[in-house]
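A.B. asks: Below: one structure in C-alpha cells.
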Amino acid sequence: MSTYNGEKYLREQIDSILNQTYTDWRLIIRDDGSTDKTLQIIEEYVKKFSEKINLIKDNKKHLGPQMSYFELLNHSSAEYIMFCDQDDFWLPYKIETTLTKMKDLERIYPNKPVLVHSGLKVVDENLRVISDSFWKYQKLNPNLKSLCNLLIQNNVTGCTIMINKKLKNFLKVFPQNMIMHDWWIALVASAFGTIGHIDEPLVLYRQHDRNDTGAKKYSVKHFLGRVVKFRDSVESNKKIINQGKDFYSIYKNLLSKEQQEVVYNFVTLFESGRHERVYKIFKHRFFKYGIIRNCGFVCVMLIPSNKKQILNKLNK
C-alpha cells in the first residue's frame with residue numbers, strides 16, 4: 001500500500017484487509033511524505049498488528065504513486081503480490097477469490113508470469129454505489145488484453161491486481177514515461193505471460209475530490225467534450241506513444257519478432273505520414289474499446305504532422 005495524506009479513509013481500507021476471509025497475508029506500507037495524520041494512523045496499526053503490518057521508512061518523499069509502488073516491490077519477497085490504494089474498500093473475499101484464480105491460471109501456465117485483476121463497484125465517498133460495474137461505467141472490456149490493445153488503452157485497475165513472482169522478476173526498470181504502474185505491469189504481463197480477470201467486483205472503488213485517478217463516466221457527451229480539445233487529444237496520444245517507446249527500449253531484446261514489429265509500428269506512428277498511420281492502426285489492430293473511441297483516435301491520427309502545431313495554438 002502506498003499512502004499520501006490519506007487519513008480520511010485509511011482506517012476503513014486497512015480494516016477491510018484485516019477482515020479478509022483469507023488470512024495468510026502481510027501488508028507492507030510505504031508513505032510518500034504525508035503531512036496529515038496518515039503516519040500516525042499507520043503506526044497505530046503497526047503497533048497493534050506487528051506480525052501482519054509493516055511500515056517502510058526510506059526517507060524518500062513525493063515520488064508519486066507510480067514510483068512509490070515500484071519502491072514497495074523491492075521490499076517484497078512474496079510469491080504473490082497485490083496492490084492496494086489508501087482510500088478504497090476490499091470486499092471480504094477479495095484475496096481468496098483472486099488467489100484461487102491465480103492458482104488456476106498457474107496450473108495452465110506453470111512457467112509464465114501471471115497477472116489477475118477483477119471488477120470493481122464505483123462508490124461515492126460514503127461507499128454508496130454509483131455503478132455496480134467499473135468496466136461498464138467507463139466502457140472498458142477486460143477481454144482486450146493482447147499487446148496491440150494494451151499499448152493504446154489500459155483496462156487493468158491497480159487496486160485489483162495480483163501478480164506472481166515470475167511477473168515481478170520482469171519489473172526491474174521503471175521508466176520516466178510510464179503513465180501508471182498498473183498500465184505498465186499489464187503491458188509486461190501481456191508480452192511475456194498471461195492476464196486473467198474475474199468478472200465479479202471485489203473492490204469498492206471510492207470516488208472523492210482527492211483521487212489521483214478516478215472513474216469518470218464514459219458517455220457520448222464526455223467523448224465529444226474531449227474531441228473538441230484537439231490539443232489534449234494529441235498530447236494524450238503522445239504520452240501513450242512515449243510510454244510505448246520506453247517499453248520497446250527496455251524489453252526489445254526479450255520480445256518475439258512479431259511483438260517487436262507490433263511495438264515498433266506503434267511507437268513510430270507519429271513519425272509516419274497520416275495515411276500510413278491509419279494503415280498501421282488497422283494492420284496491427286491498435287484498437288480501443290468502442291466505435292466512438294476508435295473513430296476519435298483515427299481522426300486525431302489523420303491530422304497532418306505540419307498542422308499539429310497550428311491546432312495546438314488554436315486550442316490554447
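Residues in the C-alpha cells are numbered from 1 in each chain, the chains being A, B, ... in the order shown, and ligands are numbered from 1 in the order shown.
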If DSSP is run on the backbone, what residues of region 72-132 of chain A are helix (DSSP H, G or I)? A reply as a PyMOL selection string would be ideal.

C.D. replies: chain A and resi 72-73+94-108

A.B. asks: For Glu125 (chain A), list every protein, DNA or RNA residue within 7 Å, evaluated using only C-alpha atoms, and leave out those in the same chain fewer than 4 positions away; present the list as a list in words.

C.D. replies: Arg206, Gln207 and His208 of chain A

A.B. asks: Which distance in Å separates CA of Pro110 (chain A) and CA of Phe170 (chain A), to one decimal?

C.D. replies: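 Going from CA of Pro110 (chain A) over to CA of Phe170 (chain A), I get 16.2 Å.
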
A.B. asks: Between A:Tyr289, A:Tyr248, A:Trp25, A:Tyr205, which has the minimum distance to Val262 (chain A) (counting only C-alpha atoms)?

C.D. replies: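 Under the stated criterion, the closest residue is A:Tyr248.
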
A.B. asks: Under the rule that only C-alpha atoms are counted, which of A:Gly273, A:Pro175, A:Pro201, A:Gly296 is the nearest residue to Met67 (chain A)?

C.D. replies: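 Between A:Gly273, A:Pro175, A:Pro201, A:Gly296, the residue approaching Met67 (chain A) most closely is A:Pro175.
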
A.B. asks: Mind giving me the straight-line distance from CA of Leu10 (chain A) to CA of Ile41 (chain A) in Å, one decimal?

C.D. replies: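 Taking CA of Leu10 (chain A) as the start and CA of Ile41 (chain A) as the end point, the length is 7.8 Å.
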
A.B. asks: What's around Asn169 (chain A) at 10 Å? Count only C-alpha atoms, leave out sequence neighbours fewer than 5 positions away in its own chain, and write the answer as a list in words.

C.D. replies: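 Here the qualifying residues turn out to be Leu73, Pro113 and Asn164 of chain A.
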
A.B. asks: Write to file, as a compact mmCIF listing (two decimals), in the first residue's frame, the residues of the selection just made, with N, CA, C and O atoms.

C.D. replies:
# COMPACT_ATOMS: atom_id res chain seq x y z
N LEU A 73 7.72 -2.80 -4.30
CA LEU A 73 8.04 -4.11 -4.88
C LEU A 73 9.39 -4.62 -4.40
O LEU A 73 9.59 -5.82 -4.21
N PRO A 113 4.76 -15.72 -16.27
CA PRO A 113 4.28 -14.62 -15.44
C PRO A 113 2.76 -14.49 -15.57
O PRO A 113 2.22 -14.64 -16.66
N ASN A 164 2.22 -12.75 -9.86
CA ASN A 164 3.06 -13.77 -9.26
C ASN A 164 4.52 -13.34 -9.32
O ASN A 164 4.88 -12.32 -9.93

A.B. asks: From region 141-279 of chain A, collect each residue whose DSSP state is strand (DSSP E) and return the set as a list in words.

C.D. replies: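 Secondary structure check on region 141-279 of chain A, strand (DSSP E): Met162, Ile163, Asn164, Thr194, Ile195, Gly196, His197, Ile198, Asp199, Glu200, Pro201, Leu202, Val203, Leu204, Tyr205 and Arg206 of chain A.
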
A.B. asks: Can I get the selected residues back with C-alpha atoms, as a PDB file, in the first residue's frame?

C.D. replies:
ATOM      1  CA  MET A 162      -2.382  -9.714  -8.121  1.00  0.00           C
ATOM      2  CA  ILE A 163       0.900 -10.718  -9.767  1.00  0.00           C
ATOM      3  CA  ASN A 164       3.062 -13.773  -9.257  1.00  0.00           C
ATOM      4  CA  THR A 194      -0.869 -14.132 -19.349  1.00  0.00           C
ATOM      5  CA  ILE A 195      -3.636 -11.950 -17.927  1.00  0.00           C
ATOM      6  CA  GLY A 196      -6.780 -13.295 -16.321  1.00  0.00           C
ATOM      7  CA  HIS A 197      -9.740 -11.373 -14.994  1.00  0.00           C
ATOM      8  CA  ILE A 198     -12.566 -12.007 -12.552  1.00  0.00           C
ATOM      9  CA  ASP A 199     -15.906 -10.593 -13.668  1.00  0.00           C
ATOM     10  CA  GLU A 200     -17.081 -10.208 -10.091  1.00  0.00           C
ATOM     11  CA  PRO A 201     -16.406  -6.812  -8.418  1.00  0.00           C
ATOM     12  CA  LEU A 202     -14.100  -7.324  -5.423  1.00  0.00           C
ATOM     13  CA  VAL A 203     -13.330  -3.694  -4.571  1.00  0.00           C
ATOM     14  CA  LEU A 204     -15.451  -0.681  -3.696  1.00  0.00           C
ATOM     15  CA  TYR A 205     -13.679   1.983  -5.768  1.00  0.00           C
ATOM     16  CA  ARG A 206     -14.205   5.178  -3.837  1.00  0.00           C
TER      17      ARG A 206
END

A.B. asks: Please list as a ChimeraX atom specification every residue within 8 Å of region 126-135 of chain A, counting only C-alpha atoms and excluding residues in the same chain fewer than 4 positions away.

C.D. replies: /A:119-122,139-142,155,201,204,206,215

A.B. asks: Based on the selection just made, write N, CA and C atoms of those residues as a PDB file, in the first residue's frame.

C.D. replies:
ATOM      1  N   GLY A 119     -13.172  -7.014 -11.369  1.00  0.00           N
ATOM      2  CA  GLY A 119     -14.070  -5.886 -11.498  1.00  0.00           C
ATOM      3  C   GLY A 119     -14.125  -5.081 -10.216  1.00  0.00           C
ATOM      4  N   LEU A 120     -14.759  -3.910 -10.300  1.00  0.00           N
ATOM      5  CA  LEU A 120     -14.936  -3.030  -9.152  1.00  0.00           C
ATOM      6  C   LEU A 120     -16.338  -2.446  -9.164  1.00  0.00           C
ATOM      7  N   LYS A 121     -16.826  -2.076  -7.990  1.00  0.00           N
ATOM      8  CA  LYS A 121     -18.018  -1.241  -7.898  1.00  0.00           C
ATOM      9  C   LYS A 121     -17.556   0.195  -7.681  1.00  0.00           C
ATOM     10  N   VAL A 122     -18.136   1.118  -8.422  1.00  0.00           N
ATOM     11  CA  VAL A 122     -17.824   2.529  -8.241  1.00  0.00           C
ATOM     12  C   VAL A 122     -18.737   3.076  -7.150  1.00  0.00           C
ATOM     13  N   LYS A 139     -16.972   2.030 -19.922  1.00  0.00           N
ATOM     14  CA  LYS A 139     -16.992   1.387 -21.238  1.00  0.00           C
ATOM     15  C   LYS A 139     -15.630   0.773 -21.573  1.00  0.00           C
ATOM     16  N   LEU A 140     -15.213  -0.164 -20.711  1.00  0.00           N
ATOM     17  CA  LEU A 140     -13.961  -0.888 -20.899  1.00  0.00           C
ATOM     18  C   LEU A 140     -14.259  -2.369 -21.042  1.00  0.00           C
ATOM     19  N   ASN A 141     -13.379  -3.083 -21.752  1.00  0.00           N
ATOM     20  CA  ASN A 141     -13.567  -4.512 -21.979  1.00  0.00           C
ATOM     21  C   ASN A 141     -12.313  -5.262 -21.529  1.00  0.00           C
ATOM     22  N   PRO A 142     -12.382  -5.988 -20.412  1.00  0.00           N
ATOM     23  CA  PRO A 142     -11.197  -6.692 -19.906  1.00  0.00           C
ATOM     24  C   PRO A 142     -10.740  -7.833 -20.804  1.00  0.00           C
ATOM     25  N   ASN A 155      -7.035  -1.410 -19.373  1.00  0.00           N
ATOM     26  CA  ASN A 155      -8.285  -1.787 -18.715  1.00  0.00           C
ATOM     27  C   ASN A 155      -8.033  -2.553 -17.416  1.00  0.00           C
ATOM     28  N   PRO A 201     -17.065  -7.939  -9.089  1.00  0.00           N
ATOM     29  CA  PRO A 201     -16.406  -6.812  -8.418  1.00  0.00           C
ATOM     30  C   PRO A 201     -15.948  -7.213  -7.019  1.00  0.00           C
ATOM     31  N   LEU A 204     -14.627  -1.883  -3.624  1.00  0.00           N
ATOM     32  CA  LEU A 204     -15.451  -0.681  -3.696  1.00  0.00           C
ATOM     33  C   LEU A 204     -14.501   0.473  -4.012  1.00  0.00           C
ATOM     34  N   ARG A 206     -13.652   3.946  -4.393  1.00  0.00           N
ATOM     35  CA  ARG A 206     -14.205   5.178  -3.837  1.00  0.00           C
ATOM     36  C   ARG A 206     -13.828   6.404  -4.679  1.00  0.00           C
ATOM     37  N   ALA A 215     -12.766   7.282 -11.588  1.00  0.00           N
ATOM     38  CA  ALA A 215     -13.685   6.717 -12.564  1.00  0.00           C
ATOM     39  C   ALA A 215     -14.585   7.819 -13.094  1.00  0.00           C
TER      40      ALA A 215
END

A.B. asks: Thr3 (chain A): which residues within 8 Å, counting only C-alpha atoms, same-chain residues fewer than 5 positions away excluded, as a list in words?

C.D. replies: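 The residues satisfying every condition are Ile29, Arg30, Asp31, Asp32, Ser34, Thr38, Asp85 and Gln86 of chain A.
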
A.B. asks: Which residue is closest to Glu258 (chain A)? Choose from A:Ile42, A:Cys148, A:Val234, A:Ala189 and count only C-alpha atoms.

C.D. replies: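 Smallest distance to Glu258 (chain A) is found for A:Cys148.
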